[in-house]
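Chemist: This is the structure, below, for whatever I ask next.
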Amino acid sequence: MRYAKDVSDVEEPEPSLASRLRLAVVRLNRRLRAQRTDSSVTLTQISALSCLYNWGPLTPGELAAKEGVQPPSMTRVIAALEEHGFVTRRPHPTDGRQAIVEVTDEGRRFVRAEVCARERWLDQRLAALDTEERAVLTRAAEIIDRMAGQ
């Protein structure tokens with residue numbers, strides 16, 4: 001007996017470029033995230049810390065907006081980062097209701113160590129490729145970066 005939705009004998013179409021690229025990026029991202037130096041810091045905390053590292057001091061609301069989370073969630077993230085000694089809060093210079101969050105020297109060292117661990121892993125993989133493959137990836141990185149910026 002066959003059912004209308006039985007597709008066991010239907011050949012799977014060749015995955016599209018979009019599908020293959022999406023899966024490759026997801027897998028690479030997963031492998032890079034696995035190269036963590038300290039698993040007591042969550043990926044959400046690392047993301048917020050990296051945002052402060054790259055953008056400089058921000059209010060909790062600005063940081064929440066950049067990270068795409070609600071301010072109460074960011075308040076908890078900031079508190080955890082403070083406990084680790086990675087960020088400090090200081091009063092806002094013109095708005096007494098606000099605070100400014102900034103990365104400490106320890107936080108900067110942590111971010112650099114995380115980046116180094118991930119890039120070391122990736123460098124090892126790239127070293128195993130031949131010159132032509134590295135050239136293709138160089139061009140692909142430029143294209144992907146341009147696509148991501150649109």
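By convention in this document, the chains of the structure tokens carry letters A, B, ... by their order, each chain's residues are numbered from 1, and ligands are numbered from 1 in the order they are shown.
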Skip range 133-148 of chain A itself and residues of its chain fewer than 6 positions away, then list as a ChimeraX atom specification all residues within 12 Å of it, counting only C-alpha atoms.
Modeler: /A:18,21-22,25,122-123,125-127
Chemist: For range 73-75 of chain A, find every residue with an atom within 10 Å (counting only C-alpha atoms), except residues of its own chain fewer than 5 positions away, and show them as a ChimeraX atom specification.
Modeler: /A:44-45,48,60-65,67-68,80-81
Chemist: Mind checking which residues fall within 9 Å of Thr37 in chain A, counting only C-alpha atoms, ignoring those fewer than 3 positions away in the same chain, and posting them as a PyMOL selection string?
Modeler: chain A and resi 110+113-114+117
Chemist: Any chance you could export the current selection's C-alpha atoms as a PDB file, in the first residue's frame?
Modeler:
```pdb
ATOM      1  CA  PHE A 110      39.686  36.960  28.104  1.00  0.00           C
ATOM      2  CA  ALA A 113      42.365  34.433  24.584  1.00  0.00           C
ATOM      3  CA  GLU A 114      39.014  33.290  23.147  1.00  0.00           C
ATOM      4  CA  ALA A 117      41.999  29.735  20.678  1.00  0.00           C
TER       5      ALA A 117
END
```
Chemist: Counting only C-alpha atoms, which of A:Arg31, A:Arg112, A:Arg76, A:Arg89 gets nearest to Asn54 in chain A?
Modeler: A:Arg112
Chemist: With distances taken over only C-alpha atoms, which of A:Ile100, A:Val87, A:Leu23, A:Leu28 is nearest to Arg118 in chain A?
Modeler: A:Leu28
Chemist: To one decimal in Å, tell me the separation between CA of Ser40 in chain A and CA of His84 in chain A.
Modeler: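 These atoms are spaced 9.4 Å apart.
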Chemist: Any chance you could list, as a PyMOL selection string, the residues in chain A that come up alpha helix (DSSP H) when DSSP is run on the backbone?
Modeler: chain A and resi 17-33+43-55+60-67+71-84+105-127+131-148
Chemist: May I ask which of the residues A:Ala79, A:Arg30, A:Val111, A:Glu106 is the closest one to Tyr53 in chain A, counting only C-alpha atoms?
Modeler: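 Smallest separation from Tyr53 in chain A among the options: A:Val111.
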Chemist: Would you compute the distance between CA of Phe86 in chain A and CA of Glu102 in chain A? Give it in Å to one decimal.
Modeler: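 Distance between the two atoms: 8.6 Å.
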Chemist: Work out how far apart CA of Arg120 in chain A and CA of Glu132 in chain A are and give it in Å to one decimal.
Modeler: 20.9 Å
Chemist: Looking at A:Pro57, A:Ala128, A:Ser50, A:Glu119, which one is nearest to Asn29 in chain A, with distances taken over only C-alpha atoms?
Modeler: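 Once distances to Asn29 in chain A are computed over only C-alpha atoms, the minimum belongs to A:Glu119.
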Chemist: Give me every strand (DSSP E or B) residue in range 22-117 of chain A, going by DSSP on the backbone, as a PyMOL selection string.
Modeler: chain A and resi 58+87-91+99-103
Chemist: Hey, which of A:Leu58, A:Arg27, A:Asp95, A:Arg36 ends up closest to Cys116 in chain A? Count only C-alpha atoms.
Modeler: A:Arg36
Chemist: For Asp105 in chain A, which of A:Thr88, A:Ser16, A:Gln35, A:Thr59 is the closest residue, counting only C-alpha atoms?
Modeler: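 Once distances to Asp105 in chain A are computed over only C-alpha atoms, the minimum belongs to A:Thr88.
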